[in-house]
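Below is data16.pdb, holding PDB, C-alpha atoms.
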```pdb
ATOM      1  CA  MET A 184       8.314  45.105  63.271
ATOM      2  CA  ALA A 185       7.632  41.523  64.125
ATOM      3  CA  ILE A 186       9.086  38.903  66.371
ATOM      4  CA  ILE A 187      11.582  36.944  64.312
ATOM      5  CA  ALA A 188      12.220  33.230  64.175
ATOM      6  CA  PHE A 189      15.678  32.609  62.811
ATOM      7  CA  LYS A 190      15.367  30.470  59.706
ATOM      8  CA  ASP A 191      17.596  32.170  57.172
ATOM      9  CA  VAL A 192      20.574  33.637  59.028
ATOM     10  CA  SER A 193      23.336  34.718  56.688
ATOM     11  CA  VAL A 194      26.814  33.595  57.734
ATOM     12  CA  THR A 195      29.795  34.833  55.756
ATOM     13  CA  ILE A 196      33.226  33.771  56.969
ATOM     14  CA  ASN A 197      36.267  35.319  55.330
ATOM     15  CA  SER A 198      34.034  36.575  52.489
ATOM     16  CA  VAL A 199      32.742  33.049  51.888
ATOM     17  CA  ASP A 200      29.005  32.488  52.208
ATOM     18  CA  LEU A 201      28.520  29.317  54.254
ATOM     19  CA  SER A 202      24.920  30.012  55.264
ATOM     20  CA  ASP A 203      23.615  26.825  53.682
ATOM     21  CA  HIS A 204      25.823  24.737  55.987
ATOM     22  CA  ALA A 205      25.268  26.688  59.205
ATOM     23  CA  ASN A 206      22.609  25.784  61.736
ATOM     24  CA  SER A 207      23.531  27.984  64.677
ATOM     25  CA  ALA A 208      25.184  31.343  65.251
ATOM     26  CA  THR A 209      25.582  33.262  68.483
ATOM     27  CA  LEU A 210      27.241  36.649  68.536
ATOM     28  CA  THR A 211      28.072  38.230  71.873
ATOM     29  CA  TYR A 212      28.987  41.883  71.814
ATOM     30  CA  GLU A 213      30.768  42.913  74.950
ATOM     31  CA  ILE A 214      32.419  46.039  76.207
ATOM     32  CA  GLU A 215      34.502  45.133  79.207
ATOM     33  CA  GLN A 216      33.495  46.917  82.360
ATOM     34  CA  GLN A 217      36.232  48.696  84.231
ATOM     35  CA  ASP A 218      35.934  49.656  87.839
ATOM     36  CA  ALA A 219      35.820  53.389  88.374
ATOM     37  CA  THR A 220      34.695  53.414  91.960
ATOM     38  CA  THR A 221      35.942  56.276  94.058
ATOM     39  CA  MET A 222      36.068  56.896  97.759
ATOM     40  CA  GLY A 223      32.720  57.899  99.152
ATOM     41  CA  GLY A 224      30.794  56.564  96.183
ATOM     42  CA  ASN A 225      29.046  53.358  95.263
ATOM     43  CA  ARG A 226      30.414  50.805  92.855
ATOM     44  CA  SER A 227      30.801  52.465  89.482
ATOM     45  CA  PHE A 228      31.956  51.233  86.100
ATOM     46  CA  VAL A 229      33.081  52.654  82.790
ATOM     47  CA  GLY A 230      33.363  50.927  79.438
ATOM     48  CA  GLY A 231      36.688  49.420  78.449
ATOM     49  CA  ILE A 232      37.564  47.629  75.272
ATOM     50  CA  GLN A 233      35.493  45.271  73.118
ATOM     51  CA  ASN A 234      35.708  41.596  73.975
ATOM     52  CA  ASN A 235      33.523  39.889  71.376
ATOM     53  CA  THR A 236      32.743  36.237  70.827
ATOM     54  CA  LEU A 237      31.057  34.584  67.887
ATOM     55  CA  GLU A 238      30.155  30.918  67.926
ATOM     56  CA  VAL A 239      29.024  29.306  64.688
ATOM     57  CA  THR A 240      28.000  25.719  64.213
ATOM     58  CA  MET A 241      27.832  24.219  60.763
ATOM     59  CA  TYR A 242      27.762  20.830  59.123
ATOM     60  CA  GLN A 243      31.094  19.572  57.924
ATOM     61  CA  ASP A 244      31.635  19.259  54.179
ATOM     62  CA  PHE A 245      34.936  18.084  52.687
ATOM     63  CA  ALA A 246      34.087  18.932  49.066
ATOM     64  CA  ALA A 247      36.181  21.479  47.193
ATOM     65  CA  SER A 248      35.641  25.077  48.353
ATOM     66  CA  GLU A 249      33.179  24.019  51.030
ATOM     67  CA  VAL A 250      33.401  24.098  54.841
ATOM     68  CA  GLU A 251      36.645  22.245  55.511
ATOM     69  CA  ALA A 252      38.548  23.878  52.668
ATOM     70  CA  THR A 253      37.409  27.308  53.826
ATOM     71  CA  ILE A 254      37.969  26.930  57.559
ATOM     72  CA  PHE A 255      41.201  24.950  57.792
ATOM     73  CA  PRO A 256      43.499  27.748  56.492
ATOM     74  CA  LEU A 257      41.919  30.236  58.904
ATOM     75  CA  VAL A 258      43.046  28.533  62.095
ATOM     76  CA  GLY A 259      45.540  30.714  63.926
ATOM     77  CA  THR A 260      44.729  33.768  61.855
ATOM     78  CA  GLN A 261      42.488  36.798  61.896
ATOM     79  CA  THR A 262      39.578  37.191  59.545
ATOM     80  CA  THR A 263      36.223  38.912  59.142
ATOM     81  CA  VAL A 264      32.831  37.330  59.764
ATOM     82  CA  VAL A 265      29.531  38.911  58.760
ATOM     83  CA  LEU A 266      26.164  37.894  60.209
ATOM     84  CA  LYS A 267      22.697  38.980  59.138
ATOM     85  CA  PRO A 268      19.344  37.869  60.553
ATOM     86  CA  THR A 269      18.219  36.927  57.043
ATOM     87  CA  SER A 270      19.831  36.672  53.639
ATOM     88  CA  SER A 271      17.853  39.699  52.426
ATOM     89  CA  VAL A 272      19.401  43.067  51.724
ATOM     90  CA  VAL A 273      20.744  44.995  54.714
ATOM     91  CA  GLY A 274      18.257  47.407  56.246
ATOM     92  CA  ALA A 275      16.894  48.667  59.530
ATOM     93  CA  ASP A 276      14.995  45.408  59.955
ATOM     94  CA  ASN A 277      17.890  43.275  58.714
ATOM     95  CA  PRO A 278      21.102  44.735  60.130
ATOM     96  CA  SER A 279      24.485  43.305  59.341
ATOM     97  CA  TYR A 280      27.022  42.651  62.066
ATOM     98  CA  THR A 281      30.618  42.644  60.929
ATOM     99  CA  LEU A 282      33.230  41.227  63.250
ATOM    100  CA  ALA A 283      36.541  42.309  61.760
ATOM    101  CA  ASP A 284      39.963  41.014  62.762
ATOM    102  CA  CYS A 285      38.536  38.235  64.901
ATOM    103  CA  PHE A 286      40.728  35.262  65.725
ATOM    104  CA  LEU A 287      40.038  31.583  65.146
ATOM    105  CA  SER A 288      42.217  29.557  67.478
ATOM    106  CA  SER A 289      40.954  26.059  66.847
ATOM    107  CA  HIS A 290      38.916  23.857  64.561
ATOM    108  CA  THR A 291      37.789  20.253  64.852
ATOM    109  CA  PRO A 292      37.799  18.874  61.301
ATOM    110  CA  ILE A 293      36.398  15.525  62.331
ATOM    111  CA  ALA A 294      33.850  15.424  65.093
ATOM    112  CA  ALA A 295      32.361  12.037  64.391
ATOM    113  CA  GLY A 296      29.671  11.161  66.862
ATOM    114  CA  ASP A 297      27.256   8.318  66.500
ATOM    115  CA  VAL A 298      27.423   6.115  63.432
ATOM    116  CA  GLY A 299      25.408   7.628  60.651
ATOM    117  CA  ALA A 300      25.072  11.008  62.325
ATOM    118  CA  THR A 301      25.941  14.321  60.729
ATOM    119  CA  SER A 302      29.175  15.975  61.770
ATOM    120  CA  PRO A 303      28.643  19.461  63.169
ATOM    121  CA  VAL A 304      31.646  21.737  63.455
ATOM    122  CA  THR A 305      31.621  24.474  66.066
ATOM    123  CA  LEU A 306      33.850  27.462  65.485
ATOM    124  CA  THR A 307      34.564  30.162  68.029
ATOM    125  CA  PHE A 308      35.849  33.490  66.809
ATOM    126  CA  THR A 309      37.152  35.806  69.499
ATOM    127  CA  GLY A 310      38.232  39.399  69.741
ATOM    128  CA  GLY A 311      37.996  41.778  66.843
ATOM    129  CA  THR A 312      35.945  44.876  66.294
ATOM    130  CA  LEU A 313      32.191  44.676  65.872
ATOM    131  CA  THR A 314      30.264  47.118  63.737
ATOM    132  CA  LYS A 315      26.573  47.187  62.937
ATOM    133  CA  ALA A 316      25.151  48.505  59.698
ATOM    134  CA  THR A 317      21.550  49.151  58.731
ATOM    135  CA  SER A 318      22.056  50.354  55.197
TER     136      SER A 318
ATOM    137  CA  MET B 608      47.672  45.743  43.064
ATOM    138  CA  ALA B 609      47.170  42.009  42.848
ATOM    139  CA  GLN B 610      44.095  40.741  41.083
ATOM    140  CA  PHE B 611      42.360  37.427  41.493
ATOM    141  CA  LYS B 612      39.840  35.407  39.567
ATOM    142  CA  VAL B 613      36.892  34.059  41.510
ATOM    143  CA  VAL B 614      36.898  30.311  40.958
ATOM    144  CA  SER B 615      34.293  29.120  43.455
ATOM    145  CA  SER B 616      30.621  29.935  43.668
ATOM    146  CA  ARG B 617      30.721  30.868  47.337
ATOM    147  CA  LEU B 618      32.484  34.206  47.450
ATOM    148  CA  ALA B 619      29.969  36.701  48.802
ATOM    149  CA  GLY B 620      29.120  39.428  46.326
ATOM    150  CA  HIS B 621      31.470  38.182  43.655
ATOM    151  CA  PRO B 622      30.178  35.693  41.075
ATOM    152  CA  GLN B 623      32.307  32.856  39.789
ATOM    153  CA  GLY B 624      34.528  34.010  36.949
ATOM    154  CA  SER B 625      34.653  37.642  37.998
ATOM    155  CA  LEU B 626      37.827  39.500  38.921
ATOM    156  CA  VAL B 627      38.509  40.924  42.356
ATOM    157  CA  SER B 628      41.292  43.015  43.811
ATOM    158  CA  GLU B 629      42.797  43.163  47.262
ATOM    159  CA  THR B 630      40.621  46.193  47.898
ATOM    160  CA  ASP B 631      37.483  44.208  47.067
ATOM    161  CA  LEU B 632      38.542  41.638  49.655
ATOM    162  CA  GLU B 633      39.467  44.090  52.391
ATOM    163  CA  GLY B 634      39.326  42.421  55.785
ATOM    164  CA  ALA B 635      39.519  38.941  54.333
ATOM    165  CA  ASN B 636      42.406  36.546  54.709
ATOM    166  CA  ILE B 637      43.432  36.371  51.058
ATOM    167  CA  SER B 638      45.961  33.570  51.378
ATOM    168  CA  ALA B 639      43.288  31.427  53.036
ATOM    169  CA  LEU B 640      40.896  32.162  50.179
ATOM    170  CA  VAL B 641      43.539  31.091  47.672
ATOM    171  CA  GLU B 642      44.347  27.933  49.638
ATOM    172  CA  ALA B 643      40.655  27.105  49.928
ATOM    173  CA  GLY B 644      40.175  27.381  46.178
ATOM    174  CA  HIS B 645      37.848  30.364  46.195
ATOM    175  CA  ILE B 646      40.128  32.691  44.264
ATOM    176  CA  ALA B 647      43.185  32.273  42.067
ATOM    177  CA  SER B 648      45.920  34.763  41.403
ATOM    178  CA  ILE B 649      45.987  35.949  37.821
ATOM    179  CA  GLY B 650      49.323  37.727  38.138
ATOM    180  CA  SER B 651      50.098  41.180  36.951
ATOM    181  CA  LYS B 652      48.527  42.761  33.907
ATOM    182  CA  PRO B 653      50.868  42.780  30.841
ATOM    183  CA  SER B 654      52.289  46.159  29.960
ATOM    184  CA  LYS B 655      51.321  48.031  26.782
ATOM    185  CA  ILE B 656      54.878  47.717  25.441
ATOM    186  CA  LYS B 657      54.730  43.973  25.750
ATOM    187  CA  ASP B 658      51.339  43.938  24.020
ATOM    188  CA  GLN B 659      52.724  45.981  21.127
ATOM    189  CA  LYS B 660      55.710  43.649  20.713
ATOM    190  CA  GLU B 661      53.414  40.676  20.604
ATOM    191  CA  GLN B 662      51.381  42.320  17.828
ATOM    192  CA  GLU B 663      54.558  42.875  15.775
TER     193      GLU B 663
END
```

This structure in structure tokens:
Amino acid sequence: MAIIAFKDVSVTINSVDLSDHANSATLTYEIEQQDATTMGGNRSFVGGIQNNTLEVTMYQDFAASEVEATIFPLVGTQTTVVLKPTSSVVGADNPSYTLADCFLSSHTPIAAGDVGATSPVTLTFTGGTLTKATS
Amino acid sequence: MAQFKVVSSRLAGHPQGSLVSETDLEGANISALVEAGHIASIGSKPSKIKDQKEQE
């Protein structure tokens, strides 16, 4: 096992592979902590429900079946996003993380910055159920 | 079960021109895929009776 530098992360949104437009992906897997402290004891917690967040940044592309066409219809709906450290086959050293039924509440189709600059689009998927697979 | 033809080259695991079912796309937002131009509905498969009539 080696330290990995992310250069080939696989990003599949709603079954559409947009890896070649993505340049950043951050998945946060969270189980909410619930207070279970009792009299006479110290602060104690138990696990509650999942509260996941996935932030993906990609370069905007208005061509047919590319970024804009894929993302725009997903706003306000639930979908599934799959992340892998590399585009290689799933395995113990390349697990897949599937965030099912996550919600996309907003999208910024045009985020024009400086003249001549690329237009990155940042998407935040929230909620859903995260599963990890190694085979 | 509805079937769809893959019309874009971006659908993960399904090459352009192949057929997929709702089961193949489990977890995906199918209407968004149609709207985005990744898949197209091909309608229901013709029945055998209709095929026979067409041959006659």

Restrict the calculation to all atoms listed in the file, then for each residue of chain B with any atom at most 8 Å from an atom of chain A give the closest atom pair and their distance in Å to one decimal, rows by chain and rising residue number, as JSON lines.
```
{"residue": "B:Ser615", "atom": "CA", "partner": "A:Ser248", "partner_atom": "CA", "distance": 6.5}
{"residue": "B:Arg617", "atom": "CA", "partner": "A:Asp200", "partner_atom": "CA", "distance": 5.4}
{"residue": "B:Leu618", "atom": "CA", "partner": "A:Val199", "partner_atom": "CA", "distance": 4.6}
{"residue": "B:Ala619", "atom": "CA", "partner": "A:Ser198", "partner_atom": "CA", "distance": 5.5}
{"residue": "B:Leu632", "atom": "CA", "partner": "A:Ser198", "partner_atom": "CA", "distance": 7.3}
{"residue": "B:Gly634", "atom": "CA", "partner": "A:Thr263", "partner_atom": "CA", "distance": 5.8}
{"residue": "B:Ala635", "atom": "CA", "partner": "A:Asn197", "partner_atom": "CA", "distance": 5.0}
{"residue": "B:Asn636", "atom": "CA", "partner": "A:Thr262", "partner_atom": "CA", "distance": 5.6}
{"residue": "B:Ala639", "atom": "CA", "partner": "A:Pro256", "partner_atom": "CA", "distance": 5.1}
{"residue": "B:Leu640", "atom": "CA", "partner": "A:Thr253", "partner_atom": "CA", "distance": 7.0}
{"residue": "B:Glu642", "atom": "CA", "partner": "A:Pro256", "partner_atom": "CA", "distance": 6.9}
{"residue": "B:Ala643", "atom": "CA", "partner": "A:Ala252", "partner_atom": "CA", "distance": 4.7}
{"residue": "B:Gly644", "atom": "CA", "partner": "A:Ser248", "partner_atom": "CA", "distance": 5.5}
{"residue": "B:His645", "atom": "CA", "partner": "A:Ser248", "partner_atom": "CA", "distance": 6.1}
```

Pull out every residue that the PyMOL selection byres ((chain A and resi 239) around 9) matches in the shown coordinates and put them as an mmCIF file with C-alpha atoms, in the coordinates of the input.
```cif
data_model
loop_
_atom_site.group_PDB
_atom_site.id
_atom_site.type_symbol
_atom_site.label_atom_id
_atom_site.label_comp_id
_atom_site.auth_asym_id
_atom_site.auth_seq_id
_atom_site.Cartn_x
_atom_site.Cartn_y
_atom_site.Cartn_z
ATOM 1 C CA VAL A 194 26.814 33.595 57.734
ATOM 2 C CA ALA A 205 25.268 26.688 59.205
ATOM 3 C CA ASN A 206 22.609 25.784 61.736
ATOM 4 C CA SER A 207 23.531 27.984 64.677
ATOM 5 C CA ALA A 208 25.184 31.343 65.251
ATOM 6 C CA THR A 209 25.582 33.262 68.483
ATOM 7 C CA LEU A 210 27.241 36.649 68.536
ATOM 8 C CA LEU A 237 31.057 34.584 67.887
ATOM 9 C CA GLU A 238 30.155 30.918 67.926
ATOM 10 C CA THR A 240 28.000 25.719 64.213
ATOM 11 C CA MET A 241 27.832 24.219 60.763
ATOM 12 C CA VAL A 304 31.646 21.737 63.455
ATOM 13 C CA THR A 305 31.621 24.474 66.066
ATOM 14 C CA LEU A 306 33.850 27.462 65.485
ATOM 15 C CA THR A 307 34.564 30.162 68.029
ATOM 16 C CA PHE A 308 35.849 33.490 66.809
#
```

Checklist entry - Excluding same-chain residues fewer than 3 positions from Asp276 (chain A), what lies within 12 Å of it counting all atoms listed in the file, as a PyMOL selection string? => result chain A and resi 184-187+267-273+279+316-318

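Here CA of Lys315 (chain A) is placed at a distance of 27.8 Å from CA of Pro303 (chain A).
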
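CA of Phe245 (chain A) lies 18.6 Å from CA of Asp297 (chain A).
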
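What separates CA of Thr281 (chain A) from CA of Ser193 (chain A) is a distance of 11.6 Å.
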
If the box runs along x, y and z of the file and leaves 6 Å on each side of region 643-649 of chain B, what are its centre and edge lengths in Å, one decimal, as JSON?
```
{"center_x": 41.9, "center_y": 31.5, "center_z": 43.9, "size_x": 20.1, "size_y": 20.8, "size_z": 24.1}
```

Item to check | Evaluate the PyMOL selection byres ((chain B and resi 611) around 12) and report residues as a PyMOL selection string | outcome: chain B and resi 608-610+612-615+618+621+623-632+637-638+640-641+644-652

Item to check | Expected residue set, 8 Å radius at (34.9, 17.7, 61.5), all atoms listed in the file, as a VMD selection string | outcome: chain A and resid 243 251 290 to 295 302 to 304
